file work.txt (compact mmCIF, C-alpha atoms)
# COMPACT_ATOMS: atom_id res chain seq x y z
CA MET A 1 -4.92 -23.97 2.46
CA ASN A 2 -3.37 -27.11 1.05
CA PRO A 3 0.25 -27.34 2.34
CA GLN A 4 1.18 -29.00 -0.96
CA ASP A 5 0.66 -25.61 -2.59
CA LEU A 6 3.82 -24.47 -0.82
CA LEU A 7 6.11 -26.94 -2.62
CA VAL A 8 7.62 -24.55 -5.19
CA TYR A 9 6.46 -21.03 -4.52
CA LEU A 10 7.49 -18.30 -6.94
CA VAL A 11 8.04 -14.82 -5.50
CA THR A 12 8.23 -12.27 -8.29
CA ASP A 13 10.81 -9.58 -8.94
CA ARG A 14 10.37 -7.78 -12.24
CA SER A 15 13.92 -6.45 -12.13
CA LEU A 16 15.27 -10.01 -12.24
CA CYS A 17 13.23 -11.23 -15.23
CA LEU A 18 15.98 -10.50 -17.76
CA GLY A 19 13.78 -8.21 -19.85
CA ARG A 20 10.91 -10.72 -20.12
CA SER A 21 7.49 -9.59 -18.90
CA LEU A 22 6.28 -10.81 -15.54
CA GLU A 23 3.26 -12.46 -17.19
CA GLU A 24 5.64 -14.36 -19.47
CA VAL A 25 7.84 -15.61 -16.63
CA VAL A 26 4.87 -16.54 -14.43
CA ALA A 27 3.17 -18.38 -17.30
CA ARG A 28 6.36 -20.37 -17.92
CA ALA A 29 6.76 -21.14 -14.21
CA ALA A 30 3.14 -22.34 -14.08
CA GLU A 31 3.87 -24.57 -17.05
CA GLY A 32 6.81 -26.01 -15.13
CA GLY A 33 4.59 -26.87 -12.19
CA CYS A 34 5.08 -24.05 -9.69
CA THR A 35 2.48 -24.44 -6.96
CA MET A 36 1.90 -20.89 -5.72
CA VAL A 37 2.86 -17.35 -6.75
CA GLN A 38 3.49 -14.19 -4.72
CA LEU A 39 3.42 -10.86 -6.51
CA ARG A 40 5.98 -8.63 -4.85
CA GLU A 41 6.24 -4.98 -5.99
CA LYS A 42 8.03 -2.33 -4.04
CA GLU A 43 8.14 0.47 -6.63
CA ALA A 44 4.87 0.31 -8.57
CA ASP A 45 2.10 2.83 -8.01
CA THR A 46 -1.06 1.24 -6.60
CA GLY A 47 -2.90 1.47 -9.92
CA GLU A 48 -0.18 -0.43 -11.76
CA PHE A 49 0.15 -2.91 -8.89
CA VAL A 50 -3.58 -3.77 -9.09
CA ALA A 51 -3.40 -4.09 -12.88
CA LEU A 52 -0.44 -6.50 -12.57
CA ALA A 53 -2.25 -8.52 -9.92
CA ARG A 54 -5.31 -8.81 -12.17
CA ALA A 55 -3.21 -9.89 -15.14
CA LEU A 56 -1.44 -12.61 -13.13
CA HIS A 57 -4.70 -13.74 -11.53
CA LYS A 58 -6.36 -14.11 -14.92
CA LEU A 59 -3.50 -16.39 -15.91
CA LEU A 60 -3.25 -18.41 -12.68
CA LYS A 61 -6.85 -18.83 -11.56
CA PRO A 62 -7.83 -21.22 -14.40
CA LEU A 63 -4.80 -23.31 -13.40
CA SER A 64 -5.86 -23.33 -9.71
CA ILE A 65 -2.50 -21.87 -8.69
CA PRO A 66 -3.08 -19.53 -5.73
CA LEU A 67 -1.84 -15.94 -6.13
CA LEU A 68 -0.78 -13.98 -3.07
CA ILE A 69 0.18 -10.30 -2.84
CA ASN A 70 3.19 -9.20 -0.84
CA ASP A 71 2.31 -6.71 1.90
CA ARG A 72 -0.74 -5.09 0.25
CA VAL A 73 -4.21 -6.13 1.38
CA ASP A 74 -5.71 -3.32 -0.74
CA VAL A 75 -4.23 -4.77 -3.93
CA ALA A 76 -5.30 -8.29 -2.94
CA LEU A 77 -8.89 -7.19 -2.26
CA ALA A 78 -9.14 -5.10 -5.43
CA ALA A 79 -7.87 -7.93 -7.62
CA GLY A 80 -9.72 -10.64 -5.70
CA VAL A 81 -6.69 -12.91 -5.32
CA GLU A 82 -6.29 -15.80 -2.89
CA GLY A 83 -4.14 -14.25 -0.20
CA VAL A 84 -1.54 -11.93 1.25
CA HIS A 85 1.99 -12.45 2.52
CA VAL A 86 3.30 -10.05 5.15
CA GLY A 87 6.62 -9.37 6.80
CA GLN A 88 7.33 -8.30 10.35
CA SER A 89 7.00 -4.57 9.56
CA ASP A 90 3.89 -4.91 7.40
CA MET A 91 0.28 -5.02 8.58
CA LEU A 92 -0.31 -7.20 11.65
CA PRO A 93 -1.48 -10.72 10.67
CA GLU A 94 -4.58 -10.21 12.84
CA ASP A 95 -5.59 -7.18 10.75
CA VAL A 96 -4.79 -8.99 7.51
CA ARG A 97 -6.96 -11.95 8.53
CA ARG A 98 -9.84 -9.72 9.56
CA LEU A 99 -9.76 -7.81 6.25
CA MET A 100 -9.11 -10.82 3.99
CA GLY A 101 -11.57 -13.20 5.66
CA PRO A 102 -11.23 -16.74 7.04
CA ASP A 103 -10.74 -18.43 3.65
CA ALA A 104 -7.83 -16.33 2.41
CA ILE A 105 -4.27 -17.65 2.51
CA VAL A 106 -2.15 -15.55 4.86
CA GLY A 107 1.60 -16.02 5.19
CA LEU A 108 4.12 -14.40 7.51
CA SER A 109 7.91 -14.03 7.17
CA VAL A 110 10.21 -14.81 10.05
CA GLU A 111 13.98 -14.48 10.26
CA THR A 112 14.77 -15.39 13.86
CA GLU A 113 13.77 -18.18 16.23
CA ALA A 114 11.92 -15.66 18.42
CA GLU A 115 9.85 -14.57 15.42
CA LEU A 116 9.23 -18.21 14.49
CA LEU A 117 7.89 -18.98 17.95
CA ASP A 118 5.79 -15.82 18.03
CA ALA A 119 4.31 -16.67 14.63
CA GLN A 120 2.84 -19.92 15.99
CA ASN A 121 0.08 -17.96 17.70
CA ARG A 122 -0.81 -15.76 14.75
CA PRO A 123 -3.77 -16.33 12.41
CA VAL A 124 -1.60 -17.37 9.47
CA ASP A 125 -1.58 -20.44 7.22
CA TYR A 126 2.13 -20.79 6.70
CA ILE A 127 5.44 -19.25 7.65
CA GLY A 128 8.13 -18.07 5.26
CA ILE A 129 11.46 -18.68 6.93
CA GLY A 130 14.79 -17.33 5.80
CA PRO A 131 17.25 -16.63 4.63
CA VAL A 132 18.31 -20.23 4.09
CA TYR A 133 21.56 -19.15 2.44
CA PRO A 134 23.23 -15.77 1.99
CA THR A 135 21.36 -13.89 -0.76
CA GLN A 136 21.56 -10.69 -2.78
CA THR A 137 17.79 -10.30 -3.24
CA LYS A 138 17.05 -9.24 0.33
CA LYS A 139 19.79 -7.44 2.21
CA ASP A 140 18.08 -6.16 5.36
CA VAL A 141 18.06 -9.46 7.22
CA LYS A 142 18.28 -9.72 11.01
CA GLY A 143 19.72 -13.19 11.61
CA SER A 144 22.39 -15.33 10.05
CA PRO A 145 21.27 -17.83 7.39
CA TRP A 146 19.41 -20.86 8.75
CA GLY A 147 21.06 -23.50 6.58
CA PRO A 148 19.55 -27.00 6.25
CA ASP A 149 20.28 -27.87 9.91
CA GLY A 150 18.61 -24.68 11.11
CA LEU A 151 15.59 -25.49 8.98
CA ARG A 152 15.38 -28.98 10.46
CA ARG A 153 15.33 -27.45 13.95
CA ALA A 154 12.70 -24.90 12.82
CA VAL A 155 10.45 -27.65 11.45
CA GLU A 156 10.51 -29.31 14.88
CA LEU A 157 9.58 -26.02 16.58
CA SER A 158 6.72 -25.15 14.23
CA SER A 159 3.19 -26.45 14.08
CA LEU A 160 2.59 -24.34 10.96
CA PRO A 161 4.00 -25.38 7.58
CA LEU A 162 7.27 -23.71 6.66
CA VAL A 163 8.43 -22.37 3.32
CA ALA A 164 12.18 -21.85 3.07
CA ILE A 165 13.30 -18.70 1.27
CA GLY A 166 16.58 -17.00 0.52
CA GLY A 167 19.35 -18.24 -1.71
CA VAL A 168 17.64 -21.49 -2.67
CA GLN A 169 18.91 -22.56 -6.11
CA ARG A 170 19.14 -25.77 -8.13
CA ASP A 171 22.54 -26.53 -6.57
CA ASN A 172 21.34 -26.56 -2.98
CA VAL A 173 17.63 -27.37 -3.19
CA LYS A 174 18.24 -31.05 -2.44
CA ASP A 175 19.59 -30.20 1.04
CA VAL A 176 16.60 -27.94 1.67
CA ALA A 177 14.15 -30.59 0.48
CA GLY A 178 15.59 -33.01 3.02
CA SER A 179 15.03 -30.64 5.94
CA GLY A 180 11.32 -31.32 6.22
CA VAL A 181 10.02 -27.92 5.14
CA ALA A 182 6.74 -27.91 3.21
CA GLY A 183 8.28 -26.03 0.33
CA ILE A 184 10.69 -23.49 -1.05
CA ALA A 185 10.07 -19.92 -2.13
CA VAL A 186 12.34 -18.72 -4.90
CA VAL A 187 12.91 -15.48 -6.76
CA SER A 188 15.95 -15.51 -9.00
CA ALA A 189 16.09 -19.33 -9.38
CA ILE A 190 13.00 -18.98 -11.59
CA CYS A 191 12.80 -15.29 -12.60
CA SER A 192 16.37 -15.22 -13.87
CA ALA A 193 16.50 -18.75 -15.29
CA PRO A 194 17.17 -19.07 -19.03
CA SER A 195 14.09 -21.32 -19.11
CA PRO A 196 11.73 -20.64 -16.19
CA THR A 197 9.74 -23.71 -17.23
CA GLU A 198 12.72 -26.06 -17.03
CA ALA A 199 14.05 -24.42 -13.85
CA THR A 200 10.68 -24.83 -12.13
CA ARG A 201 10.29 -28.41 -13.35
CA GLU A 202 13.67 -29.33 -11.89
CA LEU A 203 12.94 -27.65 -8.55
CA VAL A 204 9.59 -29.46 -8.33
CA ARG A 205 11.23 -32.81 -9.11
CA THR A 206 13.94 -32.37 -6.49
CA MET A 207 11.48 -31.18 -3.85
CA LYS A 208 9.21 -34.17 -4.48
CA GLU A 209 12.16 -36.57 -4.25
CA GLY A 210 13.45 -34.90 -1.08
CA ALA A 211 10.08 -35.17 0.60
CA ARG A 212 10.08 -38.94 0.31
CA MET B 213 -20.07 13.86 3.00
CA ASN B 214 -20.64 17.40 4.20
CA PRO B 215 -18.92 19.81 1.75
CA GLN B 216 -18.21 22.14 4.67
CA ASP B 217 -15.72 19.54 5.88
CA LEU B 218 -13.52 20.56 2.94
CA LEU B 219 -13.04 24.15 4.13
CA VAL B 220 -9.53 23.79 5.59
CA TYR B 221 -8.19 20.34 4.89
CA LEU B 222 -4.81 19.39 6.34
CA VAL B 223 -2.65 16.99 4.32
CA THR B 224 0.19 15.66 6.46
CA ASP B 225 3.89 15.52 5.73
CA ARG B 226 6.01 14.39 8.66
CA SER B 227 9.16 15.77 7.10
CA LEU B 228 7.70 19.30 7.21
CA CYS B 229 6.64 19.25 10.89
CA LEU B 230 9.85 20.93 12.13
CA GLY B 231 10.67 18.10 14.52
CA ARG B 232 7.25 18.06 16.14
CA SER B 233 5.32 14.78 16.10
CA LEU B 234 2.49 14.37 13.60
CA GLU B 235 0.03 13.81 16.46
CA GLU B 236 1.13 17.10 17.99
CA VAL B 237 0.71 19.06 14.75
CA VAL B 238 -2.64 17.45 13.94
CA ALA B 239 -3.94 18.07 17.47
CA ARG B 240 -2.98 21.74 17.17
CA ALA B 241 -4.56 22.04 13.71
CA ALA B 242 -7.75 20.49 15.08
CA GLU B 243 -7.67 23.03 17.89
CA GLY B 244 -7.43 25.77 15.27
CA GLY B 245 -10.51 24.48 13.47
CA CYS B 246 -9.23 22.38 10.59
CA THR B 247 -12.17 20.53 9.07
CA MET B 248 -10.62 17.37 7.61
CA VAL B 249 -7.26 15.57 7.70
CA GLN B 250 -5.48 13.39 5.16
CA LEU B 251 -2.66 11.15 6.34
CA ARG B 252 -0.09 10.99 3.57
CA GLU B 253 2.91 8.67 4.00
CA LYS B 254 5.15 7.65 1.17
CA GLU B 255 8.02 6.04 3.10
CA ALA B 256 6.48 4.26 6.09
CA ASP B 257 6.15 0.48 6.21
CA THR B 258 2.52 -0.64 6.28
CA GLY B 259 2.68 -1.57 9.98
CA GLU B 260 3.85 1.90 10.97
CA PHE B 261 1.36 3.52 8.56
CA VAL B 262 -1.55 1.68 10.22
CA ALA B 263 -0.28 2.60 13.70
CA LEU B 264 -0.07 6.28 12.69
CA ALA B 265 -3.57 6.16 11.19
CA ARG B 266 -4.94 4.67 14.41
CA ALA B 267 -3.21 7.30 16.54
CA LEU B 268 -4.60 10.17 14.46
CA HIS B 269 -8.05 8.59 14.32
CA LYS B 270 -8.16 8.26 18.09
CA LEU B 271 -7.46 11.96 18.30
CA LEU B 272 -9.82 13.13 15.52
CA LYS B 273 -12.85 10.88 15.86
CA PRO B 274 -14.04 12.37 19.18
CA LEU B 275 -13.81 15.79 17.47
CA SER B 276 -15.86 14.56 14.47
CA ILE B 277 -13.07 15.60 12.10
CA PRO B 278 -12.95 13.06 9.23
CA LEU B 279 -9.61 11.33 8.63
CA LEU B 280 -8.71 10.13 5.14
CA ILE B 281 -5.73 8.06 4.03
CA ASN B 282 -3.74 8.96 0.95
CA ASP B 283 -3.66 6.14 -1.61
CA ARG B 284 -3.96 3.18 0.78
CA VAL B 285 -7.32 1.46 1.15
CA ASP B 286 -5.66 -1.28 3.23
CA VAL B 287 -4.51 1.22 5.85
CA ALA B 288 -7.92 2.94 5.82
CA LEU B 289 -9.76 -0.36 6.33
CA ALA B 290 -7.39 -1.59 9.04
CA ALA B 291 -7.65 1.65 11.02
CA GLY B 292 -11.37 2.13 10.31
CA VAL B 293 -11.05 5.75 9.20
CA GLU B 294 -13.58 7.77 7.23
CA GLY B 295 -12.11 7.68 3.75
CA VAL B 296 -9.39 7.50 1.14
CA HIS B 297 -7.91 10.05 -1.23
CA VAL B 298 -6.41 8.78 -4.47
CA GLY B 299 -4.39 10.26 -7.29
CA GLN B 300 -4.50 9.43 -10.97
CA SER B 301 -1.94 6.60 -10.67
CA ASP B 302 -3.42 5.09 -7.51
CA MET B 303 -6.26 2.58 -7.27
CA LEU B 304 -9.21 3.35 -9.56
CA PRO B 305 -11.97 5.29 -7.73
CA GLU B 306 -14.43 2.53 -8.68
CA ASP B 307 -12.32 -0.06 -6.83
CA VAL B 308 -11.82 2.27 -3.87
CA ARG B 309 -15.57 2.85 -3.59
CA ARG B 310 -16.34 -0.86 -3.82
CA LEU B 311 -13.82 -1.72 -1.09
CA MET B 312 -14.58 1.24 1.19
CA GLY B 313 -18.36 1.10 0.89
CA PRO B 314 -21.01 3.71 0.03
CA ASP B 315 -20.61 5.77 3.21
CA ALA B 316 -16.86 6.36 2.99
CA ILE B 317 -15.45 9.68 1.80
CA VAL B 318 -13.53 9.22 -1.44
CA GLY B 319 -11.51 12.01 -3.03
CA LEU B 320 -9.62 12.17 -6.31
CA SER B 321 -6.78 14.46 -7.41
CA VAL B 322 -6.85 16.17 -10.79
CA GLU B 323 -4.25 18.39 -12.38
CA THR B 324 -5.65 19.05 -15.85
CA GLU B 325 -9.02 20.08 -17.27
CA ALA B 326 -9.34 16.69 -18.99
CA GLU B 327 -8.86 14.95 -15.63
CA LEU B 328 -11.36 17.35 -14.03
CA LEU B 329 -14.00 16.49 -16.62
CA ASP B 330 -13.29 12.77 -16.39
CA ALA B 331 -13.60 12.92 -12.59
CA GLN B 332 -17.20 14.11 -12.85
CA ASN B 333 -18.33 10.58 -13.72
CA ARG B 334 -16.36 8.82 -10.99
CA PRO B 335 -17.83 7.60 -7.69
CA VAL B 336 -16.05 10.25 -5.62
CA ASP B 337 -17.26 12.82 -3.10
CA TYR B 338 -14.89 15.64 -3.90
CA ILE B 339 -12.05 16.58 -6.21
CA GLY B 340 -8.66 17.85 -5.14
CA ILE B 341 -7.49 20.29 -7.82
CA GLY B 342 -3.99 21.65 -8.15
CA PRO B 343 -1.51 23.00 -8.07
CA VAL B 344 -3.02 26.41 -7.44
CA TYR B 345 0.40 28.02 -7.25
CA PRO B 346 3.91 26.73 -7.93
CA THR B 347 4.96 24.53 -4.98
CA GLN B 348 7.93 22.64 -3.64
CA THR B 349 5.93 19.89 -1.93
CA LYS B 350 4.87 18.10 -5.10
CA LYS B 351 7.18 18.36 -8.08
CA ASP B 352 5.78 15.82 -10.56
CA VAL B 353 2.89 17.93 -11.78
CA LYS B 354 1.48 17.71 -15.29
CA GLY B 355 -0.13 21.10 -15.90
CA SER B 356 0.74 24.68 -15.11
CA PRO B 357 -0.70 26.15 -11.88
CA TRP B 358 -4.42 26.92 -12.05
CA GLY B 359 -4.33 30.25 -10.23
CA PRO B 360 -7.53 31.87 -8.88
CA ASP B 361 -8.94 32.44 -12.38
CA GLY B 362 -8.36 28.82 -13.35
CA LEU B 363 -10.09 27.71 -10.18
CA ARG B 364 -13.09 29.91 -10.98
CA ARG B 365 -13.36 28.24 -14.39
CA ALA B 366 -12.96 24.79 -12.77
CA VAL B 367 -15.77 25.51 -10.29
CA GLU B 368 -18.07 26.25 -13.22
CA LEU B 369 -17.12 22.98 -14.93
CA SER B 370 -17.53 20.78 -11.86
CA SER B 371 -20.65 19.40 -10.26
CA LEU B 372 -18.50 17.91 -7.48
CA PRO B 373 -17.07 20.11 -4.73
CA LEU B 374 -13.48 21.21 -5.30
CA VAL B 375 -10.62 21.49 -2.85
CA ALA B 376 -7.75 23.63 -4.04
CA ILE B 377 -4.25 22.35 -3.24
CA GLY B 378 -0.70 23.39 -3.98
CA GLY B 379 1.07 26.49 -2.75
CA VAL B 380 -1.87 27.85 -0.78
CA GLN B 381 -0.50 30.00 2.08
CA ARG B 382 -1.75 32.80 4.32
CA ASP B 383 -0.59 35.39 1.77
CA ASN B 384 -2.71 34.09 -1.10
CA VAL B 385 -5.59 32.21 0.57
CA LYS B 386 -7.92 35.23 0.19
CA ASP B 387 -7.74 34.98 -3.61
CA VAL B 388 -8.42 31.24 -3.47
CA ALA B 389 -11.35 31.73 -1.09
CA GLY B 390 -12.94 34.08 -3.59
CA SER B 391 -12.78 31.57 -6.42
CA GLY B 392 -15.76 29.55 -5.24
CA VAL B 393 -13.95 26.34 -4.27
CA ALA B 394 -15.38 24.42 -1.31
CA GLY B 395 -12.08 24.50 0.50
CA ILE B 396 -8.31 24.47 0.53
CA ALA B 397 -5.95 21.58 1.22
CA VAL B 398 -2.66 22.63 2.79
CA VAL B 399 0.53 20.90 3.81
CA SER B 400 3.32 23.29 4.80
CA ALA B 401 1.00 26.22 5.63
CA ILE B 402 0.01 24.24 8.73
CA CYS B 403 2.70 21.56 9.21
CA SER B 404 5.54 24.08 9.07
CA ALA B 405 3.78 26.96 10.86
CA PRO B 406 5.36 28.18 14.11
CA SER B 407 1.88 27.75 15.60
CA PRO B 408 -0.26 25.27 13.67
CA THR B 409 -3.23 26.34 15.81
CA GLU B 410 -2.94 30.01 14.88
CA ALA B 411 -2.13 29.25 11.25
CA THR B 412 -5.21 27.05 10.93
CA ARG B 413 -7.40 29.56 12.71
CA GLU B 414 -6.34 32.30 10.28
CA LEU B 415 -6.92 30.09 7.22
CA VAL B 416 -10.38 29.15 8.50
CA ARG B 417 -11.26 32.78 9.12
CA THR B 418 -10.14 33.90 5.65
CA MET B 419 -11.91 31.00 3.94
CA LYS B 420 -15.16 31.78 5.78
CA GLU B 421 -14.91 35.46 4.86
CA GLY B 422 -14.09 34.63 1.24
CA ALA B 423 -17.10 32.34 0.94
CA ARG B 424 -19.53 35.17 1.75
call {"tool": "encode", "arguments": {"input": "work.txt", "output": "structure tokens"}}
result
Amino acid sequence: MNPQDLLVYLVTDRSLCLGRSLEEVVARAAEGGCTMVQLREKEADTGEFVALARALHKLLKPLSIPLLINDRVDVALAAGVEGVHVGQSDMLPEDVRRLMGPDAIVGLSVETEAELLDAQNRPVDYIGIGPVYPTQTKKDVKGSPWGPDGLRRAVELSSLPLVAIGGVQRDNVKDVAGSGVAGIAVVSAICSAPSPTEATRELVRTMKEGAR
Amino acid sequence: MNPQDLLVYLVTDRSLCLGRSLEEVVARAAEGGCTMVQLREKEADTGEFVALARALHKLLKPLSIPLLINDRVDVALAAGVEGVHVGQSDMLPEDVRRLMGPDAIVGLSVETEAELLDAQNRPVDYIGIGPVYPTQTKKDVKGSPWGPDGLRRAVELSSLPLVAIGGVQRDNVKDVAGSGVAGIAVVSAICSAPSPTEATRELVRTMKEGAR
């Protein structure tokens, strides 16, 4: 994968889209320059999940924005998307890689330094690290938030590109951008923004400036 | 697939195993002659689901008892089991067949006559039809119970083998056996039996007698 695709990575949450459809929010985020999208669904039946994945893929593929599926290799294979993102209690990265093939994008979440170090030897393309800040979106976290200093340390420890997730918003993205991570993954900062296009555009601008 | 494998088909539910492990209950059911097993998990994380599938497969494969996974093609592919069973809101049978390959066993649940007729044109090996009787295990059913007479009518309408599910117990299995279905699928009749071995043995005996 191209590590630049990690710059501003939208992770979806339909419940945070303020009544707008997921397709609508994702289309607006794409317009604003988001570089990758992860479809995350914890309630949908498999049939609906596949249909959603196909709808988003139809929208994103012509724009060359990779679409990943959270947790579900079956949905990713059925919809023919670019990759899968797994957490520590999901399918083992080795199994994901075997089923998805060598060209798929595979990401893995880590929350602790031990998990970060362990992830270095897994067949994944990038690591999602978090939470950066305290967050309401994901409550079952193991460690304390990494913060920009923690991220800087993590970047030194990791040979795989890192995407920072958890509590990243327009107010704090500058600090995150300066930490050396390859990108940020955001949920509410885009899904719940009055204008997902503008919100994404601003995050992209700040991340590009921070990377200099 | 061999339609005789449908004769007494165990569908698992860990919460109904009376504190015994799933491996224990499945091993005892296999001992009693159950002909096929479906691993059904609605709460487990994917990692645990795959581990459970592997554990059951290790136990069943040497006995040549096919193992299917409810809903999840990803778990089936990762564990290398024999097939997948889907419901009406799960992945489309066409997608399941494409991902699982021509040799896999694919089953589809139907609850109404319209679904039964529609299923005839799908790439599946058998149809799970239910509920036969009112049941506590599955509460979100669309139609009224089929009963033995309904099953007899369904058998006439179907060119695919039928497995009757929902409320089948030792007290009523004789009526079901006489309806012409290829087999019964049971959850609590085996999972919650004081002796899963004996319970299975008795169901197998009655089904074989009924089929004469």
call {"tool": "closest_atom_pairs", "arguments": {"input": "work.txt", "of": "chain A", "to": "chain B", "cutoff": "7 Å", "atoms": "all atoms listed in the file", "output": "tab-separated table"}}
result
residue	atom	partner	partner_atom	distance
A:Asp45	CA	B:Asp302	CA	6.0
A:Thr46	CA	B:Asp302	CA	4.6
A:Gly47	CA	B:Asp302	CA	4.4
A:Arg72	CA	B:Asp286	CA	6.9
A:Val73	CA	B:Asp286	CA	5.4
A:Asp74	CA	B:Asp286	CA	4.5
A:Ala78	CA	B:Asp307	CA	6.1
A:Ser89	CA	B:Gly259	CA	5.3
A:Asp90	CA	B:Gly259	CA	4.4
A:Met91	CA	B:Gly259	CA	4.4
A:Leu92	CA	B:Gly259	CA	6.6
A:Asp95	CA	B:Ala290	CA	6.1
call {"tool": "residues_around", "arguments": {"input": "work.txt", "residues": "A:Leu203", "least_positions_apart": "3", "cutoff": "10 Å", "atoms": "only C-alpha atoms", "output": "VMD selection string"}}
result
chain A and resid 7 to 8 32 to 34 168 to 171 173 to 174 177 184 186 189 to 190 198 to 200 206 to 209
call {"tool": "residues_around", "arguments": {"input": "work.txt", "residues": "stretch 12-21 of chain A", "least_positions_apart": "3", "cutoff": "6 Å", "atoms": "all atoms listed in the file", "output": "list in words"}}
result
Glu24, Leu39, Arg40, Val187, Cys191 and Ser192 of chain A
call {"tool": "atom_distance", "arguments": {"input": "work.txt", "atom1": "atom CA of A:Asp103", "atom2": "atom CA of A:Asp125"}}
result
10.0 Å
call {"tool": "closest_residue", "arguments": {"input": "work.txt", "among": "A:Val37, A:Leu60, A:Met1, A:Ala29", "to": "A:Glu202", "atoms": "all atoms listed in the file"}}
result
A:Ala29
call {"tool": "axis_aligned_box", "arguments": {"input": "work.txt", "around": "stretch 407-424 of chain B", "padding_each_side": "6 Å", "output": "AutoDock Vina command-line options"}}
result
--center_x -8.8 --center_y 30.4 --center_z 8.4 --size_x 33.4 --size_y 22.2 --size_z 26.9
call {"tool": "closest_residue", "arguments": {"input": "work.txt", "among": "B:Val344, B:Ile277, B:Leu363, B:Leu374", "to": "B:Gln332", "atoms": "all atoms listed in the file"}}
result
B:Leu374
call {"tool": "atom_distance", "arguments": {"input": "work.txt", "atom1": "atom CA of B:Gly319", "atom2": "atom CA of B:Val296"}}
result
6.5 Å
call {"tool": "residues_around", "arguments": {"input": "work.txt", "residues": "B:Asn214", "least_positions_apart": "3", "cutoff": "12 Å", "atoms": "only C-alpha atoms", "output": "PyMOL selection string"}}
result
chain B and resi 217-219+247-248+276-278+315-317+337-338+372-373+394-395
call {"tool": "residues_around", "arguments": {"input": "work.txt", "residues": "A:Pro145", "least_positions_apart": "6", "cutoff": "8 Å", "atoms": "only C-alpha atoms", "output": "list in words"}}
result
Gly130, Pro131, Val132, Tyr133 and Pro134 of chain A
call {"tool": "atom_distance", "arguments": {"input": "work.txt", "atom1": "atom CA of A:Ser195", "atom2": "atom CA of A:Val163"}}
result
23.2 Å
call {"tool": "residues_near_point", "arguments": {"input": "work.txt", "point": "(5.9, -20.2, 20.0)", "cutoff": "12 Å", "atoms": "all atoms listed in the file", "output": "list in words"}}
result
Thr112, Glu113, Ala114, Glu115, Leu116, Leu117, Asp118, Ala119, Gln120, Asn121, Arg122, Ala154, Glu156, Leu157, Ser158, Ser159 and Leu160 of chain A
